[in-house]
Structures are given as structure tokens and as C-alpha cells.
file final33.pdb (PDB, C-alpha atoms)
MODEL        1
ATOM      1  CA  MET Q  19       0.000   0.000   0.000
ATOM      2  CA  ALA Q  20       1.322   3.260  -1.029
ATOM      3  CA  VAL Q  21       1.215   5.925   1.553
ATOM      4  CA  PHE Q  22       1.110   9.518   0.496
ATOM      5  CA  HIS Q  23       2.364  12.094   2.846
ATOM      6  CA  LYS Q  24       1.088  15.562   2.862
ATOM      7  CA  THR Q  25       3.740  18.156   2.403
ATOM      8  CA  SER Q  26       3.316  21.814   2.977
ATOM      9  CA  PHE Q  27       4.858  24.296   0.598
ATOM     10  CA  ASP Q  28       5.829  27.744   1.642
ATOM     11  CA  CYS Q  29       4.351  30.337  -0.659
ATOM     12  CA  VAL Q  30       6.882  32.590  -2.305
ATOM     13  CA  ARG Q  31       5.488  36.026  -3.273
ATOM     14  CA  PHE Q  32       6.894  37.729  -6.291
ATOM     15  CA  ASP Q  33       6.454  41.477  -6.751
ATOM     16  CA  ILE Q  34       7.300  42.815 -10.181
ATOM     17  CA  TYR Q  35       6.784  46.450  -9.049
ATOM     18  CA  ARG Q  36       9.427  48.420  -7.242
ATOM     19  CA  LYS Q  37       8.640  49.402  -3.705
ATOM     20  CA  VAL Q  38       7.997  53.100  -3.176
ATOM     21  CA  PRO Q  39      10.626  54.550  -0.849
ATOM     22  CA  LYS Q  40       9.416  55.218   2.618
ATOM     23  CA  ASP Q  41      10.291  58.871   2.436
ATOM     24  CA  LEU Q  42       7.794  59.301  -0.401
ATOM     25  CA  THR Q  43       4.873  57.637   1.357
ATOM     26  CA  GLN Q  44       5.215  58.802   4.931
ATOM     27  CA  PRO Q  45       3.872  62.323   5.498
ATOM     28  CA  THR Q  46       6.139  64.788   7.242
ATOM     29  CA  TYR Q  47       5.743  68.319   8.494
ATOM     30  CA  THR Q  48       8.728  69.459   6.456
ATOM     31  CA  GLY Q  49       7.207  68.001   3.321
ATOM     32  CA  ALA Q  50       3.903  69.722   3.923
ATOM     33  CA  PHE Q  51       5.639  73.034   4.549
ATOM     34  CA  SER Q  52       7.970  72.715   1.578
ATOM     35  CA  PHE Q  53       5.354  71.623  -0.950
ATOM     36  CA  SER Q  54       2.362  73.631   0.158
ATOM     37  CA  PHE Q  55       3.688  76.919   1.450
ATOM     38  CA  LEU Q  56       7.175  77.431   0.071
ATOM     39  CA  GLY Q  57       6.280  75.886  -3.266
ATOM     40  CA  LYS Q  58       3.358  78.242  -3.771
ATOM     41  CA  CYS Q  59       5.353  81.290  -2.687
ATOM     42  CA  VAL Q  60       8.226  80.522  -5.030
ATOM     43  CA  CYS Q  61       5.866  79.853  -7.947
ATOM     44  CA  ILE Q  62       3.886  83.062  -7.412
ATOM     45  CA  TYR Q  63       7.036  85.165  -6.987
ATOM     46  CA  THR Q  64       8.725  83.681 -10.054
ATOM     47  CA  VAL Q  65       5.665  84.237 -12.225
ATOM     48  CA  CYS Q  66       5.251  87.844 -11.082
ATOM     49  CA  ILE Q  67       8.738  88.969 -12.105
ATOM     50  CA  PHE Q  68       8.075  88.531 -15.815
ATOM     51  CA  PHE Q  69       6.076  91.709 -16.373
ATOM     52  CA  TYR Q  70       8.582  94.372 -17.441
ATOM     53  CA  VAL Q  71      10.852  94.570 -20.469
ATOM     54  CA  ASN Q  72      13.756  97.019 -20.600
ATOM     55  CA  GLU Q  73      15.294  98.380 -23.775
ATOM     56  CA  LEU Q  74      17.754 101.069 -24.824
ATOM     57  CA  TYR Q  75      17.661 103.155 -27.988
ATOM     58  CA  VAL Q  76      18.866 106.481 -29.385
ATOM     59  CA  ASP Q  77      15.986 108.937 -29.789
ATOM     60  CA  ASP Q  78      14.168 111.906 -28.281
ATOM     61  CA  PRO Q  79      11.154 110.110 -26.768
ATOM     62  CA  ASP Q  80       9.023 113.144 -25.808
ATOM     63  CA  LYS Q  81       8.815 114.982 -29.121
ATOM     64  CA  ASP Q  82       5.688 116.864 -28.022
ATOM     65  CA  SER Q  83       7.497 118.649 -25.187
ATOM     66  CA  GLY Q  84       8.684 121.472 -27.418
ATOM     67  CA  GLY Q  85      12.301 120.771 -26.546
ATOM     68  CA  LYS Q  86      11.663 121.468 -22.850
ATOM     69  CA  ILE Q  87      12.215 119.473 -19.660
ATOM     70  CA  ASP Q  88      10.261 120.118 -16.462
ATOM     71  CA  VAL Q  89      12.409 120.529 -13.344
ATOM     72  CA  SER Q  90      11.380 120.372  -9.697
ATOM     73  CA  LEU Q  91      13.823 121.727  -7.095
ATOM     74  CA  ASN Q  92      13.490 121.836  -3.304
ATOM     75  CA  ILE Q  93      16.514 123.038  -1.328
ATOM     76  CA  SER Q  94      17.093 124.480   2.153
ATOM     77  CA  LEU Q  95      19.753 127.050   3.055
ATOM     78  CA  PRO Q  96      19.478 127.393   6.855
ATOM     79  CA  ASN Q  97      21.921 130.335   7.082
ATOM     80  CA  LEU Q  98      20.907 132.549   4.168
ATOM     81  CA  HIS Q  99      18.012 135.023   4.256
ATOM     82  CA  CYS Q 100      15.213 134.573   1.698
ATOM     83  CA  ASP Q 101      15.757 138.107   0.347
ATOM     84  CA  LEU Q 102      19.196 137.005  -0.823
ATOM     85  CA  VAL Q 103      18.265 133.676  -2.398
ATOM     86  CA  GLY Q 104      17.658 133.523  -6.136
ATOM     87  CA  LEU Q 105      17.590 131.051  -9.022
ATOM     88  CA  ASP Q 106      19.466 131.743 -12.261
ATOM     89  CA  ILE Q 107      19.130 129.715 -15.488
ATOM     90  CA  GLN Q 108      21.391 129.732 -18.540
ATOM     91  CA  ASP Q 109      22.176 127.360 -21.418
ATOM     92  CA  GLU Q 110      23.905 127.034 -24.795
ATOM     93  CA  MET Q 111      20.854 128.332 -26.679
ATOM     94  CA  GLY Q 112      21.508 131.791 -25.255
ATOM     95  CA  ARG Q 113      19.088 131.722 -22.367
ATOM     96  CA  HIS Q 114      20.303 133.772 -19.410
ATOM     97  CA  GLU Q 115      17.704 134.412 -16.742
ATOM     98  CA  VAL Q 116      18.709 135.945 -13.397
ATOM     99  CA  GLY Q 117      16.330 135.730 -10.449
ATOM    100  CA  HIS Q 118      13.744 133.295 -11.842
ATOM    101  CA  ILE Q 119      10.544 133.665  -9.804
ATOM    102  CA  ASP Q 120       7.771 131.901 -11.788
ATOM    103  CA  ASN Q 121       6.212 128.915  -9.955
ATOM    104  CA  SER Q 122       8.632 129.337  -7.056
ATOM    105  CA  MET Q 123       8.243 129.861  -3.336
ATOM    106  CA  LYS Q 124      10.565 130.911  -0.514
ATOM    107  CA  VAL Q 125       9.820 129.735   3.015
ATOM    108  CA  PRO Q 126      11.729 131.370   5.924
ATOM    109  CA  LEU Q 127      13.663 129.016   8.228
ATOM    110  CA  ASN Q 128      15.393 129.477  11.595
ATOM    111  CA  GLN Q 129      13.317 132.535  12.570
ATOM    112  CA  GLY Q 130      14.040 134.222   9.248
ATOM    113  CA  TYR Q 131      17.789 133.607   9.175
ATOM    114  CA  GLY Q 132      17.447 130.767   6.678
ATOM    115  CA  CYS Q 133      15.355 129.900   3.640
ATOM    116  CA  ARG Q 134      13.831 126.947   1.826
ATOM    117  CA  PHE Q 135      13.483 127.452  -1.915
ATOM    118  CA  GLU Q 136      10.899 125.423  -3.838
ATOM    119  CA  GLY Q 137      10.541 125.921  -7.555
ATOM    120  CA  GLU Q 138       9.238 124.317 -10.726
ATOM    121  CA  PHE Q 139      10.613 125.520 -14.047
ATOM    122  CA  THR Q 140      11.643 124.282 -17.491
ATOM    123  CA  ILE Q 141      15.026 123.943 -19.153
ATOM    124  CA  ASN Q 142      15.905 123.482 -22.809
ATOM    125  CA  LYS Q 143      17.150 120.120 -24.060
ATOM    126  CA  VAL Q 144      20.683 121.448 -24.496
ATOM    127  CA  PRO Q 145      23.652 121.581 -22.106
ATOM    128  CA  GLY Q 146      23.379 124.347 -19.553
ATOM    129  CA  ASN Q 147      23.068 125.063 -15.855
ATOM    130  CA  PHE Q 148      20.827 126.522 -13.193
ATOM    131  CA  HIS Q 149      22.169 127.727  -9.880
ATOM    132  CA  VAL Q 150      21.022 128.998  -6.509
ATOM    133  CA  SER Q 151      22.957 132.111  -5.547
ATOM    134  CA  THR Q 152      22.797 135.721  -4.345
ATOM    135  CA  HIS Q 153      23.410 137.085  -7.862
ATOM    136  CA  SER Q 154      19.894 138.556  -8.143
ATOM    137  CA  ALA Q 155      19.948 140.255  -4.730
ATOM    138  CA  THR Q 156      19.988 144.070  -4.695
ATOM    139  CA  ALA Q 157      22.860 144.016  -2.200
ATOM    140  CA  GLN Q 158      25.416 141.296  -1.657
ATOM    141  CA  PRO Q 159      25.883 139.946   1.898
ATOM    142  CA  GLN Q 160      29.201 140.359   3.655
ATOM    143  CA  ASN Q 161      29.364 136.733   4.742
ATOM    144  CA  PRO Q 162      27.219 134.552   2.479
ATOM    145  CA  ASP Q 163      26.663 131.018   3.725
ATOM    146  CA  MET Q 164      25.875 128.401   1.077
ATOM    147  CA  THR Q 165      25.630 125.362   3.353
ATOM    148  CA  HIS Q 166      22.508 123.507   2.264
ATOM    149  CA  THR Q 167      20.400 120.383   2.116
ATOM    150  CA  ILE Q 168      18.794 119.207  -1.126
ATOM    151  CA  HIS Q 169      15.413 117.602  -0.540
ATOM    152  CA  LYS Q 170      14.481 117.031  -4.153
ATOM    153  CA  LEU Q 171      15.800 117.493  -7.661
ATOM    154  CA  ALA Q 172      13.752 115.683 -10.292
ATOM    155  CA  PHE Q 173      13.146 116.001 -14.025
ATOM    156  CA  GLY Q 174      10.002 115.215 -16.009
ATOM    157  CA  GLU Q 175       6.973 113.311 -14.764
ATOM    158  CA  LYS Q 176       7.038 111.433 -11.485
ATOM    159  CA  LEU Q 177       6.888 107.667 -12.014
ATOM    160  CA  GLN Q 178       5.065 105.924  -9.164
ATOM    161  CA  VAL Q 179       5.790 102.368 -10.259
ATOM    162  CA  GLN Q 180       7.163 100.116  -7.535
ATOM    163  CA  LYS Q 181       9.045  97.720  -9.789
ATOM    164  CA  VAL Q 182      10.762 100.467 -11.783
ATOM    165  CA  GLN Q 183      13.843 101.410  -9.795
ATOM    166  CA  GLY Q 184      16.083 104.231 -10.928
ATOM    167  CA  ALA Q 185      17.947 107.415 -10.017
ATOM    168  CA  PHE Q 186      15.016 109.790 -10.500
ATOM    169  CA  ASN Q 187      15.966 111.827  -7.413
ATOM    170  CA  ALA Q 188      19.651 111.032  -7.060
ATOM    171  CA  LEU Q 189      20.419 114.216  -5.095
ATOM    172  CA  GLY Q 190      17.507 113.821  -2.679
ATOM    173  CA  GLY Q 191      18.899 113.963   0.864
ATOM    174  CA  ALA Q 192      22.272 115.467  -0.083
ATOM    175  CA  ASP Q 193      23.575 117.218   3.051
ATOM    176  CA  ARG Q 194      26.265 119.911   2.819
ATOM    177  CA  LEU Q 195      25.634 121.552   6.195
ATOM    178  CA  ALA Q 196      29.165 120.762   7.377
ATOM    179  CA  SER Q 197      30.828 122.341   4.337
ATOM    180  CA  ASN Q 198      32.788 125.589   4.212
ATOM    181  CA  PRO Q 199      30.130 128.380   4.329
ATOM    182  CA  LEU Q 200      31.972 130.361   1.633
ATOM    183  CA  ALA Q 201      32.406 127.400  -0.704
ATOM    184  CA  SER Q 202      30.662 127.019  -4.045
ATOM    185  CA  HIS Q 203      29.228 123.630  -4.975
ATOM    186  CA  ASP Q 204      29.195 122.128  -8.447
ATOM    187  CA  TYR Q 205      26.819 119.253  -9.199
ATOM    188  CA  ILE Q 206      27.540 117.819 -12.641
ATOM    189  CA  LEU Q 207      24.497 115.943 -13.939
ATOM    190  CA  LYS Q 208      24.109 113.527 -16.835
ATOM    191  CA  ILE Q 209      20.390 113.361 -17.601
ATOM    192  CA  VAL Q 210      19.027 110.126 -19.116
ATOM    193  CA  PRO Q 211      15.567 110.183 -20.810
ATOM    194  CA  THR Q 212      13.294 107.463 -19.440
ATOM    195  CA  VAL Q 213       9.991 106.192 -20.830
ATOM    196  CA  TYR Q 214       7.439 104.020 -19.033
ATOM    197  CA  GLU Q 215       4.731 102.332 -21.110
ATOM    198  CA  ASP Q 216       1.893 100.501 -19.341
ATOM    199  CA  LEU Q 217      -0.340  97.704 -20.652
ATOM    200  CA  THR Q 218      -2.723 100.155 -22.306
ATOM    201  CA  GLY Q 219       0.103 101.696 -24.329
ATOM    202  CA  LYS Q 220       0.060 104.979 -22.396
ATOM    203  CA  GLN Q 221       3.531 106.471 -22.086
ATOM    204  CA  ARG Q 222       4.965 108.649 -19.339
ATOM    205  CA  PHE Q 223       8.196 110.564 -19.772
ATOM    206  CA  SER Q 224      10.682 111.102 -16.997
ATOM    207  CA  TYR Q 225      14.433 111.495 -16.586
ATOM    208  CA  GLN Q 226      17.006 109.747 -14.461
ATOM    209  CA  TYR Q 227      20.384 111.282 -13.803
ATOM    210  CA  THR Q 228      23.823 110.509 -12.481
ATOM    211  CA  VAL Q 229      25.717 113.090 -10.479
ATOM    212  CA  ALA Q 230      29.262 114.059  -9.508
ATOM    213  CA  ASN Q 231      30.097 117.008  -7.285
ATOM    214  CA  LYS Q 232      32.970 119.204  -6.224
ATOM    215  CA  GLU Q 233      33.421 121.985  -3.680
ATOM    216  CA  TYR Q 234      35.689 125.037  -4.047
ATOM    217  CA  VAL Q 235      36.068 128.716  -3.103
ATOM    218  CA  ALA Q 236      35.551 131.085  -6.035
ATOM    219  CA  TYR Q 237      36.484 134.760  -6.211
ATOM    220  CA  SER Q 238      34.817 137.405  -8.384
ATOM    221  CA  HIS Q 239      36.719 139.914 -10.557
ATOM    222  CA  THR Q 240      36.555 142.362  -7.641
ATOM    223  CA  GLY Q 241      38.217 139.865  -5.310
ATOM    224  CA  ARG Q 242      35.056 139.118  -3.345
ATOM    225  CA  ILE Q 243      33.857 135.614  -2.615
ATOM    226  CA  ILE Q 244      30.388 135.071  -4.056
ATOM    227  CA  PRO Q 245      29.506 131.386  -3.571
ATOM    228  CA  ALA Q 246      26.758 129.578  -5.462
ATOM    229  CA  ILE Q 247      25.211 126.126  -5.826
ATOM    230  CA  TRP Q 248      25.562 125.079  -9.471
ATOM    231  CA  PHE Q 249      23.677 122.325 -11.242
ATOM    232  CA  ARG Q 250      25.442 121.812 -14.578
ATOM    233  CA  TYR Q 251      23.654 119.358 -16.841
ATOM    234  CA  ASP Q 252      24.044 117.552 -20.115
ATOM    235  CA  LEU Q 253      21.700 115.065 -21.802
ATOM    236  CA  SER Q 254      22.478 111.488 -22.701
ATOM    237  CA  PRO Q 255      21.511 110.408 -26.254
ATOM    238  CA  ILE Q 256      20.462 106.999 -24.893
ATOM    239  CA  THR Q 257      16.839 106.529 -23.826
ATOM    240  CA  VAL Q 258      15.780 103.889 -21.298
ATOM    241  CA  LYS Q 259      12.343 102.383 -21.877
ATOM    242  CA  TYR Q 260      10.354 100.240 -19.453
ATOM    243  CA  THR Q 261       7.487  98.357 -21.106
ATOM    244  CA  GLU Q 262       4.847  96.482 -19.135
ATOM    245  CA  ARG Q 263       3.802  93.367 -21.030
ATOM    246  CA  ARG Q 264       1.820  90.199 -20.570
ATOM    247  CA  GLN Q 265       3.364  87.037 -21.887
ATOM    248  CA  PRO Q 266       1.616  85.083 -24.676
ATOM    249  CA  PHE Q 267      -0.703  82.456 -23.223
ATOM    250  CA  TYR Q 268       1.284  79.478 -24.531
ATOM    251  CA  ARG Q 269       4.508  80.874 -23.087
ATOM    252  CA  PHE Q 270       2.744  81.607 -19.817
ATOM    253  CA  ILE Q 271       1.565  77.979 -19.578
ATOM    254  CA  THR Q 272       4.988  76.506 -20.409
ATOM    255  CA  THR Q 273       6.649  78.875 -17.961
ATOM    256  CA  ILE Q 274       4.188  77.916 -15.229
ATOM    257  CA  CYS Q 275       4.812  74.201 -15.852
ATOM    258  CA  ALA Q 276       8.572  74.649 -15.789
ATOM    259  CA  ILE Q 277       8.433  76.725 -12.614
ATOM    260  CA  ILE Q 278       6.093  74.348 -10.798
ATOM    261  CA  GLY Q 279       8.096  71.286 -11.862
ATOM    262  CA  GLY Q 280      11.411  72.781 -10.846
ATOM    263  CA  THR Q 281      10.050  74.130  -7.571
ATOM    264  CA  PHE Q 282       8.500  70.845  -6.487
ATOM    265  CA  THR Q 283      11.576  68.862  -7.563
ATOM    266  CA  VAL Q 284      13.831  71.004  -5.405
ATOM    267  CA  ALA Q 285      11.308  70.904  -2.545
ATOM    268  CA  GLY Q 286      11.184  67.098  -2.824
ATOM    269  CA  ILE Q 287      14.963  66.811  -2.687
ATOM    270  CA  ILE Q 288      15.100  69.008   0.411
ATOM    271  CA  ASP Q 289      12.312  67.023   2.098
ATOM    272  CA  SER Q 290      13.994  63.716   1.228
ATOM    273  CA  CYS Q 291      17.293  64.857   2.732
ATOM    274  CA  ILE Q 292      15.584  66.027   5.922
ATOM    275  CA  PHE Q 293      13.576  62.774   6.191
ATOM    276  CA  THR Q 294      16.665  60.595   5.636
ATOM    277  CA  ALA Q 295      18.620  62.502   8.242
ATOM    278  CA  SER Q 296      15.703  62.242  10.686
ATOM    279  CA  GLU Q 297      15.396  58.466  10.194
ATOM    280  CA  ALA Q 298      19.135  58.002  10.649
ATOM    281  CA  TRP Q 299      19.021  60.017  13.847
ATOM    282  CA  LYS Q 300      16.146  57.902  15.159
ATOM    283  CA  LYS Q 301      18.120  54.692  14.480
ATOM    284  CA  ILE Q 302      21.119  56.105  16.287
ATOM    285  CA  GLN Q 303      18.964  56.958  19.296
ATOM    286  CA  ILE Q 304      17.378  53.495  19.281
ATOM    287  CA  GLY Q 305      20.848  51.918  19.108
ATOM    288  CA  LYS Q 306      21.987  53.923  22.114
ATOM    289  CA  MET Q 307      18.909  52.882  24.114
ATOM    290  CA  SER Q 308      19.419  49.188  23.322
TER     291      SER Q 308
ENDMDL
END
call {"tool": "encode", "arguments": {"input": "final33.pdb", "output": "C-alpha cells"}}
result
Amino acid sequence: MAVFHKTSFDCVRFDIYRKVPKDLTQPTYTGAFSFSFLGKCVCIYTVCIFFYVNELYVDDPDKDSGGKIDVSLNISLPNLHCDLVGLDIQDEMGRHEVGHIDNSMKVPLNQGYGCRFEGEFTINKVPGNFHVSTHSATAQPQNPDMTHTIHKLAFGEKLQVQKVQGAFNALGGADRLASNPLASHDYILKIVPTVYEDLTGKQRFSYQYTVANKEYVAYSHTGRIIPAIWFRYDLSPITVKYTERRQPFYRFITTICAIIGGTFTVAGIIDSCIFTASEAWKKIQIGKMS
């Protein structure tokens, strides 16, 4: 008689799919923070920086200005009486105006011993200068004091656009109160035409400028010292243009995809490194306890 014996076979399980790493399946606080908060912030910030295009070209952008540039000047002379303060304008087209008073105002300072001059005027688009001095006064002071603070010097329209940064008021805050009272001051300006065009196509015209300055004591032909604050200017032939644009829709979509993919890839790498380090630290602690 044949006897059959039952045999038990252990089941061997085969898995043709790779196991997902633990760091990709186990939720972590760092992963949630990286993917949800930081990822969104980076994506939004990166998308928002693609709205302005800068270009340079040689041209006179504001052809309707009649060859004029608007100037706004605000300066304080704390040790010079308002009766002595005047603004003179001259340029290479033959303009020579002493004691300009249109659209200007003098405000007494220090109980009348000083003066703040505020003025708005135009200059021609040619090299020239305007200066604050005592030249237009009926009588010259014995001890003129040209120490000053410049609050504002701007050309053209004011651009109130946060993302357009430039030197539109480069001399704003210039403090020469510690200078020699009898010294003259030369501010040499290079004016750069600037155009801002918004999404509707409306253009605004302003001017940036660079500045260098020097201080010296000047004597007149009579031997007297008659100091002044000179703003000598010249115009750059290069125009800077800022154009606000929206990207084409297809480029916007591809840019969004690239940004999101790159952001989440980097966030995943950071989270994986933190998770791996955390797991290794836990194993070390368990090993110490055992």
C-alpha cells in the first residue's frame, strides 16, 4: 500500500513592481511646509517677475514737449536770508535768466535767518546750468553762507511704479551743512531720458540722472567771494524704456509648468534629505537605548 504524505509548501510572493521609498509615502511636516507653502510662494514670486521689459535706444522720446524738460527743485539754506536767495538759469541756446521767480516759493527758516526754496521751471534740451545764488539780490551779503540740504531734484513726470527702480531723485537727501560756508558747490548731472509704457500703451516721460560734485572757493573779478550752488547738466543720447507686457498664453503655460516642476523637484529633494537625516538620527537613538 502506497502511503502519500502531505507536504506543505511555503508560498513565495513575487512582486514585479518596485517598492515606493518610505520617504515618499510617509507624510512629514517638512514636506507639507515645503510643498504647500514654500512651493506656492516661489511659484507666485517667479511668475510675477516677468512683467517688465527694458530696452535702450537712441531717440528723443518726448517729441511733443517742445524741446523742454520740467524741473522740480526743493533746497534748504538754513543760514541765508530769503531776500538774498535767487535762481538763475542759462544754457547754450543763449538763455540767461537771473532771479527766476515763476512757480517758485521761498519759506523762511530758523526765525528768518534761513530759507527753503521750492521751484518748478523748465530747461531746454541742451547743455546748460541753473544755480542757486545771491546774484539777483539788490545788495550782496558780507558773509554769504551756502551750506545747504537738497530735498528734491527731479526732471520730467514722477513715475510711481514700484518695480521700476532708478535714479530719479539722485540728489535727494544730499547734506552739505558741514561744508565751508563760503564754498561754491558744483553738481555735474548727466540726464538720461526714461519712458514708461503701461499695458494700455500709455507712455509717461521722466528722466534719471547721475551726479558728480565738487566743492571750491571762487572769487569774483573784484576779489570778493560770491559762492553759489551750481547744477550743470548735459543730456544722454540713450533713452531707457520700461514696457509692461503680458506674456503670450502658450509661453505663460509653459513657464508655469517649468516653474512648478522645478520648484516641487527642489522641494522634494530638500524634504527627502531632511527625512533621511531624521530616520538616521532615530536609528542612532534606538541603538543607544538598546
call {"tool": "resolve_selection", "arguments": {"input": "final33.pdb", "expression": "the PyMOL selection byres ((chain Q and resi 131) around 7)", "output": "tab-separated table (two decimals) with C-alpha atoms, in the frame of the given file"}}
result
chain	number	residue	atom	x	y	z
Q	96	PRO	CA	19.48	127.39	6.86
Q	97	ASN	CA	21.92	130.34	7.08
Q	98	LEU	CA	20.91	132.55	4.17
Q	99	HIS	CA	18.01	135.02	4.26
Q	127	LEU	CA	13.66	129.02	8.23
Q	128	ASN	CA	15.39	129.48	11.60
Q	129	GLN	CA	13.32	132.54	12.57
Q	130	GLY	CA	14.04	134.22	9.25
Q	132	GLY	CA	17.45	130.77	6.68
call {"tool": "closest_residue", "arguments": {"input": "final33.pdb", "among": "Q:Ala155, Q:Ala285, Q:Met164, Q:Val89", "to": "Asn142 in chain Q", "atoms": "only C-alpha atoms"}}
result
Q:Val89
call {"tool": "closest_residue", "arguments": {"input": "final33.pdb", "among": "Q:Leu74, Q:Ile256, Q:Ile141, Q:Val150", "to": "Tyr205 in chain Q", "atoms": "all atoms listed in the file"}}
result
Q:Val150
call {"tool": "atom_distance", "arguments": {"input": "final33.pdb", "atom1": "CA of Ile243 in chain Q", "atom2": "CA of Asp163 in chain Q"}}
result
10.6 Å
call {"tool": "atom_distance", "arguments": {"input": "final33.pdb", "atom1": "CA of His203 in chain Q", "atom2": "CA of Gln160 in chain Q"}}
result
18.8 Å
call {"tool": "residues_around", "arguments": {"input": "final33.pdb", "residues": "range 168-170 of chain Q", "least_positions_apart": "3", "cutoff": "8 Å", "atoms": "only C-alpha atoms", "output": "list in words"}}
result
Ser90, Leu91, Asn92, Ile93, Ser94, Asn187, Leu189, Gly190, Gly191, Ala192 and Asp193 of chain Q
call {"tool": "atom_distance", "arguments": {"input": "final33.pdb", "atom1": "CA of Ala246 in chain Q", "atom2": "CA of Thr167 in chain Q"}}
result
13.5 Å
call {"tool": "closest_residue", "arguments": {"input": "final33.pdb", "among": "Q:Asn161, Q:Thr218, Q:Ser224, Q:Ser290", "to": "Asn198 in chain Q", "atoms": "all atoms listed in the file"}}
result
Q:Asn161
call {"tool": "residues_around", "arguments": {"input": "final33.pdb", "residues": "Gly112 in chain Q", "least_positions_apart": "5", "cutoff": "12 Å", "atoms": "all atoms listed in the file", "output": "PyMOL selection string"}}
result
chain Q and resi 107+141-142+144-147
call {"tool": "resolve_selection", "arguments": {"input": "final33.pdb", "expression": "the PyMOL selection byres ((chain Q and resi 174) around 12)", "output": "mmCIF file with C-alpha atoms, keeping the file's coordinate frame"}}
result
data_model
loop_
_atom_site.group_PDB
_atom_site.id
_atom_site.type_symbol
_atom_site.label_atom_id
_atom_site.label_comp_id
_atom_site.auth_asym_id
_atom_site.auth_seq_id
_atom_site.Cartn_x
_atom_site.Cartn_y
_atom_site.Cartn_z
ATOM 1 C CA PRO Q 79 11.154 110.110 -26.768
ATOM 2 C CA ASP Q 80 9.023 113.144 -25.808
ATOM 3 C CA SER Q 83 7.497 118.649 -25.187
ATOM 4 C CA LYS Q 86 11.663 121.468 -22.850
ATOM 5 C CA ILE Q 87 12.215 119.473 -19.660
ATOM 6 C CA ASP Q 88 10.261 120.118 -16.462
ATOM 7 C CA VAL Q 89 12.409 120.529 -13.344
ATOM 8 C CA SER Q 90 11.380 120.372 -9.697
ATOM 9 C CA LEU Q 91 13.823 121.727 -7.095
ATOM 10 C CA GLU Q 138 9.238 124.317 -10.726
ATOM 11 C CA PHE Q 139 10.613 125.520 -14.047
ATOM 12 C CA THR Q 140 11.643 124.282 -17.491
ATOM 13 C CA ILE Q 141 15.026 123.943 -19.153
ATOM 14 C CA LYS Q 143 17.150 120.120 -24.060
ATOM 15 C CA LEU Q 171 15.800 117.493 -7.661
ATOM 16 C CA ALA Q 172 13.752 115.683 -10.292
ATOM 17 C CA PHE Q 173 13.146 116.001 -14.025
ATOM 18 C CA GLU Q 175 6.973 113.311 -14.764
ATOM 19 C CA LYS Q 176 7.038 111.433 -11.485
ATOM 20 C CA LEU Q 177 6.888 107.667 -12.014
ATOM 21 C CA PHE Q 186 15.016 109.790 -10.500
ATOM 22 C CA ASN Q 187 15.966 111.827 -7.413
ATOM 23 C CA ILE Q 209 20.390 113.361 -17.601
ATOM 24 C CA VAL Q 210 19.027 110.126 -19.116
ATOM 25 C CA PRO Q 211 15.567 110.183 -20.810
ATOM 26 C CA THR Q 212 13.294 107.463 -19.440
ATOM 27 C CA VAL Q 213 9.991 106.192 -20.830
ATOM 28 C CA TYR Q 214 7.439 104.020 -19.033
ATOM 29 C CA ARG Q 222 4.965 108.649 -19.339
ATOM 30 C CA PHE Q 223 8.196 110.564 -19.772
ATOM 31 C CA SER Q 224 10.682 111.102 -16.997
ATOM 32 C CA TYR Q 225 14.433 111.495 -16.586
ATOM 33 C CA GLN Q 226 17.006 109.747 -14.461
ATOM 34 C CA TYR Q 227 20.384 111.282 -13.803
#
call {"tool": "closest_residue", "arguments": {"input": "final33.pdb", "among": "Q:Lys301, Q:Arg269, Q:Lys232, Q:His149", "to": "Asp109 in chain Q", "atoms": "all atoms listed in the file"}}
result
Q:His149
call {"tool": "residues_around", "arguments": {"input": "final33.pdb", "residues": "Val116 in chain Q", "least_positions_apart": "3", "cutoff": "8 Å", "atoms": "only C-alpha atoms", "output": "list in words"}}
result
Gly104, Leu105, Asp106, Ile107, His153 and Ser154 of chain Q
call {"tool": "decode", "arguments": {"input": "final33.pdb", "residues": "range 96-100 of chain Q", "atoms": "all heavy atoms", "output": "CSV table (one decimal), in the first residue's frame"}}
result
chain,number,residue,atom,x,y,z
Q,96,PRO,N,19.9,127.0,5.5
Q,96,PRO,CA,19.5,127.4,6.9
Q,96,PRO,C,20.2,128.7,7.3
Q,96,PRO,O,19.8,129.2,8.4
Q,96,PRO,CB,19.9,126.2,7.7
Q,96,PRO,CG,20.9,125.5,6.9
Q,96,PRO,CD,20.6,125.7,5.5
Q,97,ASN,N,21.2,129.2,6.6
Q,97,ASN,CA,21.9,130.3,7.1
Q,97,ASN,C,22.0,131.5,6.0
Q,97,ASN,O,22.9,132.3,6.0
Q,97,ASN,CB,23.4,129.9,7.5
Q,97,ASN,CG,23.4,128.9,8.5
Q,97,ASN,OD1,22.8,129.0,9.6
Q,97,ASN,ND2,24.1,127.8,8.3
Q,98,LEU,N,21.0,131.5,5.2
Q,98,LEU,CA,20.9,132.5,4.2
Q,98,LEU,C,19.5,133.1,4.1
Q,98,LEU,O,18.5,132.3,3.9
Q,98,LEU,CB,21.4,132.0,2.8
Q,98,LEU,CG,21.7,133.1,1.7
Q,98,LEU,CD1,22.9,133.9,2.2
Q,98,LEU,CD2,22.0,132.4,0.4
Q,99,HIS,N,19.3,134.4,4.2
Q,99,HIS,CA,18.0,135.0,4.3
Q,99,HIS,C,17.3,134.9,2.9
Q,99,HIS,O,18.0,134.9,1.8
Q,99,HIS,CB,18.2,136.5,4.6
Q,99,HIS,CG,16.9,137.1,5.1
Q,99,HIS,ND1,15.9,137.6,4.2
Q,99,HIS,CD2,16.4,137.4,6.3
Q,99,HIS,CE1,14.9,138.1,4.8
Q,99,HIS,NE2,15.2,138.0,6.1
Q,100,CYS,N,16.0,134.8,2.9
Q,100,CYS,CA,15.2,134.6,1.7
Q,100,CYS,C,15.4,135.7,0.7
Q,100,CYS,O,15.3,135.6,-0.5
Q,100,CYS,CB,13.7,134.4,2.0
Q,100,CYS,SG,13.3,132.7,2.6
